[in-house]
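To start, the structure under review is shown below, and the notes come after it.
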Amino acid sequence: MTYIISLDCVDLKDRACVEECPVDCIYEGNRMLYIQPEECVDCGACEPVCPVEAIFYEDDLPADQKEFYDVNVQFFDDIGSPGGAAKLGVIDKDHPIVEALAPRGEA
């Protein structure tokens with residue numbers, strides 16, 4: 001089980017969750033943040049600090065956003081488990097579902 005970042009993070013990337021995460025498992029793509037499921041320790045520290053409530057425990061992900069489980073998991077298909085987001089900075093990519101979304105205003 002893991003936490004999932006959903007649609008409401010796209011083009012927002014507040015980063016409060018990144019600052020709160022004790023294991024540095026929240027990575028930044030071009031348009032949204034992603035939780036590395038193998039690195040997440042399910043502590044839940046990220047969820048209450050998200051200003052737009054874009055973070056959900058896997059089992060609590062809204063039905064209309066279930067695809068964001070795959071979005072978070074598949075984002076790491078080619079980079080694996082880097083062992084900490086801080087050392088990587090912004091990763092110059094997004095999941096194809098996120099890339100296909102219309103812009104949601106100022107990032």
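A note on labels: chains of the structure tokens are A, B, ... as shown, every chain counts residues from 1, and ligands are counted from 1 in their shown order.
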
Excluding segment 9-11 of chain A and its own-chain neighbours fewer than 4 positions away, which residues fall within 6 Å of it when counting only C-alpha atoms? Please give them as a short mmCIF file (atom, residue, chain, number, x, y, z; two decimals) with all heavy atoms, in the first residue's frame.
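Once everything was written out, this is part32.cif:
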```
data_model
loop_
_atom_site.label_atom_id
_atom_site.label_comp_id
_atom_site.auth_asym_id
_atom_site.auth_seq_id
_atom_site.Cartn_x
_atom_site.Cartn_y
_atom_site.Cartn_z
N ARG A 31 4.88 18.63 -14.51
CA ARG A 31 3.56 19.21 -14.22
C ARG A 31 2.95 18.78 -12.90
O ARG A 31 1.96 19.35 -12.46
CB ARG A 31 2.59 18.88 -15.35
CG ARG A 31 2.99 19.53 -16.68
CD ARG A 31 1.97 19.28 -17.76
NE ARG A 31 0.68 19.88 -17.43
CZ ARG A 31 -0.46 19.56 -18.06
NH1 ARG A 31 -0.46 18.67 -19.03
NH2 ARG A 31 -1.59 20.15 -17.71
N MET A 32 3.49 17.75 -12.28
CA MET A 32 2.94 17.31 -10.99
C MET A 32 3.99 16.57 -10.19
O MET A 32 5.08 16.28 -10.70
CB MET A 32 1.68 16.46 -11.17
CG MET A 32 1.88 15.04 -11.68
SD MET A 32 0.36 14.04 -11.63
CE MET A 32 0.39 13.41 -9.95
N ALA A 54 -4.87 16.72 -2.72
CA ALA A 54 -4.57 15.89 -3.89
C ALA A 54 -3.93 14.56 -3.51
O ALA A 54 -3.69 13.74 -4.38
CB ALA A 54 -3.63 16.65 -4.83
N ARG A 104 -3.84 23.68 -16.67
CA ARG A 104 -4.82 24.08 -15.64
C ARG A 104 -4.50 25.45 -15.07
O ARG A 104 -4.74 25.70 -13.92
CB ARG A 104 -4.84 23.04 -14.54
CG ARG A 104 -5.31 21.69 -15.01
CD ARG A 104 -5.21 20.68 -13.93
NE ARG A 104 -5.83 21.18 -12.71
CZ ARG A 104 -6.56 20.46 -11.90
NH1 ARG A 104 -6.78 19.20 -12.17
NH2 ARG A 104 -7.07 20.98 -10.82
N ALA A 107 1.29 27.51 -13.17
CA ALA A 107 1.91 26.43 -12.37
C ALA A 107 2.47 26.99 -11.08
O ALA A 107 2.70 28.15 -10.94
CB ALA A 107 3.03 25.76 -13.16
#
```

Contacts of Asp78 of chain A at 12 Å (only C-alpha atoms; same-chain gap of 2+ positions) as a list of chain:residue names: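 That gives A:Val73, A:Gln74, A:Phe75, A:Phe76, A:Gly80, A:Ser81, A:Pro82, A:Ile91, A:Lys93, A:Asp94, A:His95.
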
Could you write out the selected residues, including all heavy atoms, as a PDB file, in the first residue's frame?
```pdb
ATOM      1  N   VAL A  73       2.676   4.960 -10.099  1.00  0.00           N
ATOM      2  CA  VAL A  73       3.536   3.776 -10.197  1.00  0.00           C
ATOM      3  C   VAL A  73       4.338   3.787 -11.503  1.00  0.00           C
ATOM      4  O   VAL A  73       5.561   3.603 -11.501  1.00  0.00           O
ATOM      5  CB  VAL A  73       2.702   2.485 -10.078  1.00  0.00           C
ATOM      6  CG1 VAL A  73       3.536   1.257 -10.397  1.00  0.00           C
ATOM      7  CG2 VAL A  73       2.106   2.378  -8.678  1.00  0.00           C
ATOM      8  N   GLN A  74       3.675   4.021 -12.624  1.00  0.00           N
ATOM      9  CA  GLN A  74       4.331   3.935 -13.928  1.00  0.00           C
ATOM     10  C   GLN A  74       5.306   5.082 -14.190  1.00  0.00           C
ATOM     11  O   GLN A  74       6.209   4.938 -15.018  1.00  0.00           O
ATOM     12  CB  GLN A  74       3.288   3.862 -15.040  1.00  0.00           C
ATOM     13  CG  GLN A  74       2.494   2.576 -14.983  1.00  0.00           C
ATOM     14  CD  GLN A  74       1.274   2.588 -15.886  1.00  0.00           C
ATOM     15  OE1 GLN A  74       1.031   3.546 -16.618  1.00  0.00           O
ATOM     16  NE2 GLN A  74       0.501   1.515 -15.824  1.00  0.00           N
ATOM     17  N   PHE A  75       5.167   6.193 -13.495  1.00  0.00           N
ATOM     18  CA  PHE A  75       6.123   7.290 -13.639  1.00  0.00           C
ATOM     19  C   PHE A  75       7.548   6.800 -13.356  1.00  0.00           C
ATOM     20  O   PHE A  75       8.517   7.270 -13.942  1.00  0.00           O
ATOM     21  CB  PHE A  75       5.768   8.434 -12.683  1.00  0.00           C
ATOM     22  CG  PHE A  75       6.722   9.597 -12.730  1.00  0.00           C
ATOM     23  CD1 PHE A  75       6.655  10.531 -13.758  1.00  0.00           C
ATOM     24  CD2 PHE A  75       7.693   9.760 -11.749  1.00  0.00           C
ATOM     25  CE1 PHE A  75       7.534  11.613 -13.801  1.00  0.00           C
ATOM     26  CE2 PHE A  75       8.574  10.843 -11.781  1.00  0.00           C
ATOM     27  CZ  PHE A  75       8.491  11.763 -12.812  1.00  0.00           C
ATOM     28  N   PHE A  76       7.670   5.808 -12.489  1.00  0.00           N
ATOM     29  CA  PHE A  76       8.974   5.302 -12.064  1.00  0.00           C
ATOM     30  C   PHE A  76       9.446   4.080 -12.853  1.00  0.00           C
ATOM     31  O   PHE A  76      10.504   3.531 -12.538  1.00  0.00           O
ATOM     32  CB  PHE A  76       8.944   4.993 -10.565  1.00  0.00           C
ATOM     33  CG  PHE A  76       8.683   6.218  -9.740  1.00  0.00           C
ATOM     34  CD1 PHE A  76       7.403   6.511  -9.299  1.00  0.00           C
ATOM     35  CD2 PHE A  76       9.704   7.105  -9.446  1.00  0.00           C
ATOM     36  CE1 PHE A  76       7.149   7.657  -8.558  1.00  0.00           C
ATOM     37  CE2 PHE A  76       9.458   8.258  -8.711  1.00  0.00           C
ATOM     38  CZ  PHE A  76       8.190   8.531  -8.265  1.00  0.00           C
ATOM     39  N   GLY A  80      13.102   3.643 -11.783  1.00  0.00           N
ATOM     40  CA  GLY A  80      13.164   2.752 -10.630  1.00  0.00           C
ATOM     41  C   GLY A  80      12.968   3.466  -9.312  1.00  0.00           C
ATOM     42  O   GLY A  80      12.146   4.357  -9.184  1.00  0.00           O
ATOM     43  N   SER A  81      13.781   3.063  -8.338  1.00  0.00           N
ATOM     44  CA  SER A  81      13.722   3.619  -6.989  1.00  0.00           C
ATOM     45  C   SER A  81      15.040   4.343  -6.717  1.00  0.00           C
ATOM     46  O   SER A  81      15.995   3.750  -6.216  1.00  0.00           O
ATOM     47  CB  SER A  81      13.500   2.488  -5.979  1.00  0.00           C
ATOM     48  OG  SER A  81      13.439   2.997  -4.680  1.00  0.00           O
ATOM     49  N   PRO A  82      15.097   5.633  -7.058  1.00  0.00           N
ATOM     50  CA  PRO A  82      16.348   6.383  -6.946  1.00  0.00           C
ATOM     51  C   PRO A  82      16.867   6.573  -5.521  1.00  0.00           C
ATOM     52  O   PRO A  82      18.022   6.918  -5.331  1.00  0.00           O
ATOM     53  CB  PRO A  82      16.014   7.743  -7.563  1.00  0.00           C
ATOM     54  CG  PRO A  82      14.808   7.506  -8.396  1.00  0.00           C
ATOM     55  CD  PRO A  82      14.054   6.416  -7.702  1.00  0.00           C
ATOM     56  N   ILE A  91      12.411  16.099 -12.504  1.00  0.00           N
ATOM     57  CA  ILE A  91      12.623  15.085 -13.539  1.00  0.00           C
ATOM     58  C   ILE A  91      11.890  15.566 -14.780  1.00  0.00           C
ATOM     59  O   ILE A  91      10.697  15.853 -14.728  1.00  0.00           O
ATOM     60  CB  ILE A  91      12.100  13.714 -13.062  1.00  0.00           C
ATOM     61  CG1 ILE A  91      12.850  13.295 -11.799  1.00  0.00           C
ATOM     62  CG2 ILE A  91      12.233  12.680 -14.173  1.00  0.00           C
ATOM     63  CD1 ILE A  91      12.248  12.105 -11.081  1.00  0.00           C
ATOM     64  N   LYS A  93      10.003  15.011 -17.203  1.00  0.00           N
ATOM     65  CA  LYS A  93       8.990  14.166 -17.831  1.00  0.00           C
ATOM     66  C   LYS A  93       7.746  14.176 -16.966  1.00  0.00           C
ATOM     67  O   LYS A  93       7.758  14.697 -15.852  1.00  0.00           O
ATOM     68  CB  LYS A  93       9.484  12.733 -18.038  1.00  0.00           C
ATOM     69  CG  LYS A  93       9.595  11.916 -16.756  1.00  0.00           C
ATOM     70  CD  LYS A  93       9.914  10.482 -17.077  1.00  0.00           C
ATOM     71  CE  LYS A  93       9.466   9.571 -15.949  1.00  0.00           C
ATOM     72  NZ  LYS A  93       9.354   8.183 -16.337  1.00  0.00           N
ATOM     73  N   ASP A  94       6.701  13.612 -17.475  1.00  0.00           N
ATOM     74  CA  ASP A  94       5.470  13.332 -16.749  1.00  0.00           C
ATOM     75  C   ASP A  94       4.904  12.044 -17.310  1.00  0.00           C
ATOM     76  O   ASP A  94       5.312  11.581 -18.379  1.00  0.00           O
ATOM     77  CB  ASP A  94       4.440  14.466 -16.904  1.00  0.00           C
ATOM     78  CG  ASP A  94       4.693  15.607 -15.935  1.00  0.00           C
ATOM     79  OD1 ASP A  94       4.664  15.367 -14.714  1.00  0.00           O
ATOM     80  OD2 ASP A  94       4.925  16.734 -16.399  1.00  0.00           O
ATOM     81  N   HIS A  95       3.965  11.459 -16.595  1.00  0.00           N
ATOM     82  CA  HIS A  95       3.256  10.296 -17.109  1.00  0.00           C
ATOM     83  C   HIS A  95       2.459  10.752 -18.335  1.00  0.00           C
ATOM     84  O   HIS A  95       1.965  11.888 -18.365  1.00  0.00           O
ATOM     85  CB  HIS A  95       2.330   9.741 -16.027  1.00  0.00           C
ATOM     86  CG  HIS A  95       1.685   8.459 -16.413  1.00  0.00           C
ATOM     87  ND1 HIS A  95       0.563   8.404 -17.212  1.00  0.00           N
ATOM     88  CD2 HIS A  95       2.014   7.177 -16.128  1.00  0.00           C
ATOM     89  CE1 HIS A  95       0.228   7.139 -17.396  1.00  0.00           C
ATOM     90  NE2 HIS A  95       1.088   6.373 -16.746  1.00  0.00           N
TER      91      HIS A  95
END
```

- prompt: Can you tell me, as number ranges by chain, what residues are no more than 12 Å from segment 19-26 of chain A when counting only C-alpha atoms, ignoring any on the same chain fewer than 2 positions away?
  reply: A: 2-5, 13-17, 28-29, 32-50, 55, 72-73, 75-76, 80-91

Which residues in chain A does DSSP call strand (DSSP E)? List them as a short mmCIF file (atom, residue, chain, number, x, y, z; two decimals) with N, CA and C atoms, in the first residue's frame.
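Contents of the output file states-v8.cif:
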```cif
data_model
loop_
_atom_site.label_atom_id
_atom_site.label_comp_id
_atom_site.auth_asym_id
_atom_site.auth_seq_id
_atom_site.Cartn_x
_atom_site.Cartn_y
_atom_site.Cartn_z
N TYR A 3 0.63 5.92 -0.63
CA TYR A 3 -0.14 7.14 -0.88
C TYR A 3 -0.01 7.50 -2.35
N ILE A 4 -1.02 8.18 -2.87
CA ILE A 4 -1.11 8.51 -4.29
C ILE A 4 -1.36 10.02 -4.42
N ILE A 5 -0.66 10.64 -5.37
CA ILE A 5 -0.94 12.03 -5.69
C ILE A 5 -1.85 12.04 -6.92
N ILE A 26 8.84 11.81 -2.55
CA ILE A 26 7.94 12.55 -3.44
C ILE A 26 8.79 13.27 -4.48
N TYR A 27 8.66 12.84 -5.71
CA TYR A 27 9.47 13.32 -6.82
C TYR A 27 8.70 14.32 -7.66
N GLU A 28 9.42 15.23 -8.28
CA GLU A 28 8.79 16.28 -9.06
C GLU A 28 8.99 16.06 -10.55
N LEU A 33 3.65 16.26 -8.95
CA LEU A 33 4.51 15.49 -8.05
C LEU A 33 4.04 14.04 -8.06
N TYR A 34 4.96 13.12 -7.78
CA TYR A 34 4.68 11.69 -7.80
C TYR A 34 5.29 11.03 -6.57
N ILE A 35 4.57 10.08 -5.97
CA ILE A 35 5.09 9.34 -4.83
C ILE A 35 5.65 8.01 -5.33
N ILE A 55 -3.68 14.34 -2.23
CA ILE A 55 -3.00 13.12 -1.79
C ILE A 55 -3.99 12.23 -1.05
N PHE A 56 -3.99 10.96 -1.46
CA PHE A 56 -4.91 9.98 -0.88
C PHE A 56 -4.17 8.70 -0.56
N TYR A 57 -4.62 8.02 0.51
CA TYR A 57 -4.17 6.66 0.72
C TYR A 57 -4.72 5.84 -0.43
#
```

query: Which of these, A:Ala102, A:Val18, A:Ile97, A:Pro51, has the shortest distance to Asp70 of chain A once you count only C-alpha atoms?
result: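 Distance minimum relative to Asp70 of chain A lands on A:Ile97.
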
query: When you draw a straight line from atom CA of Glu58 of chain A to atom CA of Val71 of chain A, how long is it in Å?
result: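 Interatomic distance here is 12.3 Å.
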
- prompt: Residues of chain A in helix (DSSP H, G or I) according to DSSP, as a ChimeraX atom specification?
  reply: /A:7-9,16-20,47-49,58-60,63-65,67-74,96-100

Serialized selection, N, CA and C atoms, as a PDB file, in the first residue's frame:
```pdb
ATOM      1  N   LEU A   7      -5.081  14.101  -9.502  1.00  0.00           N
ATOM      2  CA  LEU A   7      -5.302  15.138 -10.508  1.00  0.00           C
ATOM      3  C   LEU A   7      -5.126  16.564 -10.004  1.00  0.00           C
ATOM      4  N   ASP A   8      -5.555  16.849  -8.791  1.00  0.00           N
ATOM      5  CA  ASP A   8      -5.520  18.222  -8.302  1.00  0.00           C
ATOM      6  C   ASP A   8      -4.112  18.785  -8.136  1.00  0.00           C
ATOM      7  N   CYS A   9      -3.091  17.947  -8.221  1.00  0.00           N
ATOM      8  CA  CYS A   9      -1.710  18.416  -8.142  1.00  0.00           C
ATOM      9  C   CYS A   9      -1.206  18.928  -9.499  1.00  0.00           C
ATOM     10  N   ALA A  16       4.418  21.424  -0.411  1.00  0.00           N
ATOM     11  CA  ALA A  16       4.345  21.290   1.046  1.00  0.00           C
ATOM     12  C   ALA A  16       4.551  19.833   1.441  1.00  0.00           C
ATOM     13  N   CYS A  17       4.053  18.927   0.629  1.00  0.00           N
ATOM     14  CA  CYS A  17       4.195  17.499   0.911  1.00  0.00           C
ATOM     15  C   CYS A  17       5.657  17.062   0.835  1.00  0.00           C
ATOM     16  N   VAL A  18       6.396  17.639  -0.104  1.00  0.00           N
ATOM     17  CA  VAL A  18       7.818  17.310  -0.261  1.00  0.00           C
ATOM     18  C   VAL A  18       8.570  17.690   1.010  1.00  0.00           C
ATOM     19  N   GLU A  19       8.275  18.865   1.527  1.00  0.00           N
ATOM     20  CA  GLU A  19       8.941  19.341   2.738  1.00  0.00           C
ATOM     21  C   GLU A  19       8.591  18.480   3.951  1.00  0.00           C
ATOM     22  N   GLU A  20       7.385  17.921   3.971  1.00  0.00           N
ATOM     23  CA  GLU A  20       6.904  17.152   5.124  1.00  0.00           C
ATOM     24  C   GLU A  20       7.351  15.691   5.092  1.00  0.00           C
ATOM     25  N   GLU A  47      -0.280  13.850   3.448  1.00  0.00           N
ATOM     26  CA  GLU A  47      -1.706  14.049   3.169  1.00  0.00           C
ATOM     27  C   GLU A  47      -2.302  15.317   3.797  1.00  0.00           C
ATOM     28  N   PRO A  48      -2.134  15.563   5.091  1.00  0.00           N
ATOM     29  CA  PRO A  48      -2.793  16.735   5.685  1.00  0.00           C
ATOM     30  C   PRO A  48      -2.196  18.081   5.276  1.00  0.00           C
ATOM     31  N   VAL A  49      -0.976  18.107   4.763  1.00  0.00           N
ATOM     32  CA  VAL A  49      -0.367  19.394   4.409  1.00  0.00           C
ATOM     33  C   VAL A  49      -0.653  19.819   2.971  1.00  0.00           C
ATOM     34  N   GLU A  58      -3.966   4.902  -0.902  1.00  0.00           N
ATOM     35  CA  GLU A  58      -4.336   4.115  -2.089  1.00  0.00           C
ATOM     36  C   GLU A  58      -5.790   3.647  -2.075  1.00  0.00           C
ATOM     37  N   ASP A  59      -6.252   3.106  -0.965  1.00  0.00           N
ATOM     38  CA  ASP A  59      -7.617   2.583  -0.874  1.00  0.00           C
ATOM     39  C   ASP A  59      -8.680   3.680  -0.850  1.00  0.00           C
ATOM     40  N   ASP A  60      -8.272   4.918  -0.589  1.00  0.00           N
ATOM     41  CA  ASP A  60      -9.220   6.030  -0.485  1.00  0.00           C
ATOM     42  C   ASP A  60      -9.248   6.918  -1.731  1.00  0.00           C
ATOM     43  N   ALA A  63     -13.056   7.289  -6.938  1.00  0.00           N
ATOM     44  CA  ALA A  63     -13.304   6.397  -8.074  1.00  0.00           C
ATOM     45  C   ALA A  63     -12.983   7.051  -9.412  1.00  0.00           C
ATOM     46  N   ASP A  64     -13.254   8.352  -9.528  1.00  0.00           N
ATOM     47  CA  ASP A  64     -13.012   9.013 -10.805  1.00  0.00           C
ATOM     48  C   ASP A  64     -11.532   9.351 -11.024  1.00  0.00           C
ATOM     49  N   GLN A  65     -10.674   8.986 -10.066  1.00  0.00           N
ATOM     50  CA  GLN A  65      -9.240   9.247 -10.206  1.00  0.00           C
ATOM     51  C   GLN A  65      -8.399   7.985 -10.011  1.00  0.00           C
ATOM     52  N   GLU A  67      -7.146   6.031 -12.010  1.00  0.00           N
ATOM     53  CA  GLU A  67      -6.027   5.932 -12.953  1.00  0.00           C
ATOM     54  C   GLU A  67      -4.749   6.554 -12.381  1.00  0.00           C
ATOM     55  N   PHE A  68      -4.867   7.404 -11.368  1.00  0.00           N
ATOM     56  CA  PHE A  68      -3.686   8.042 -10.808  1.00  0.00           C
ATOM     57  C   PHE A  68      -2.847   7.090  -9.963  1.00  0.00           C
ATOM     58  N   TYR A  69      -3.401   5.933  -9.603  1.00  0.00           N
ATOM     59  CA  TYR A  69      -2.555   4.898  -9.004  1.00  0.00           C
ATOM     60  C   TYR A  69      -1.501   4.483 -10.032  1.00  0.00           C
ATOM     61  N   ASP A  70      -1.951   4.150 -11.229  1.00  0.00           N
ATOM     62  CA  ASP A  70      -1.027   3.761 -12.297  1.00  0.00           C
ATOM     63  C   ASP A  70      -0.113   4.915 -12.702  1.00  0.00           C
ATOM     64  N   VAL A  71      -0.645   6.125 -12.705  1.00  0.00           N
ATOM     65  CA  VAL A  71       0.162   7.305 -13.043  1.00  0.00           C
ATOM     66  C   VAL A  71       1.366   7.388 -12.099  1.00  0.00           C
ATOM     67  N   ASN A  72       1.136   7.257 -10.797  1.00  0.00           N
ATOM     68  CA  ASN A  72       2.228   7.343  -9.828  1.00  0.00           C
ATOM     69  C   ASN A  72       3.195   6.170  -9.961  1.00  0.00           C
ATOM     70  N   VAL A  73       2.676   4.960 -10.099  1.00  0.00           N
ATOM     71  CA  VAL A  73       3.536   3.776 -10.197  1.00  0.00           C
ATOM     72  C   VAL A  73       4.338   3.787 -11.503  1.00  0.00           C
ATOM     73  N   GLN A  74       3.675   4.021 -12.624  1.00  0.00           N
ATOM     74  CA  GLN A  74       4.331   3.935 -13.928  1.00  0.00           C
ATOM     75  C   GLN A  74       5.306   5.082 -14.190  1.00  0.00           C
ATOM     76  N   PRO A  96       2.299   9.906 -19.357  1.00  0.00           N
ATOM     77  CA  PRO A  96       1.537  10.290 -20.556  1.00  0.00           C
ATOM     78  C   PRO A  96       0.128  10.804 -20.279  1.00  0.00           C
ATOM     79  N   ILE A  97      -0.543  10.290 -19.265  1.00  0.00           N
ATOM     80  CA  ILE A  97      -1.887  10.784 -18.922  1.00  0.00           C
ATOM     81  C   ILE A  97      -1.802  12.245 -18.485  1.00  0.00           C
ATOM     82  N   VAL A  98      -0.793  12.583 -17.702  1.00  0.00           N
ATOM     83  CA  VAL A  98      -0.608  13.957 -17.236  1.00  0.00           C
ATOM     84  C   VAL A  98      -0.199  14.853 -18.402  1.00  0.00           C
ATOM     85  N   GLU A  99       0.693  14.366 -19.238  1.00  0.00           N
ATOM     86  CA  GLU A  99       1.119  15.146 -20.401  1.00  0.00           C
ATOM     87  C   GLU A  99      -0.053  15.501 -21.315  1.00  0.00           C
ATOM     88  N   ALA A 100      -1.016  14.610 -21.406  1.00  0.00           N
ATOM     89  CA  ALA A 100      -2.159  14.812 -22.310  1.00  0.00           C
ATOM     90  C   ALA A 100      -3.218  15.767 -21.758  1.00  0.00           C
TER      91      ALA A 100
END
```
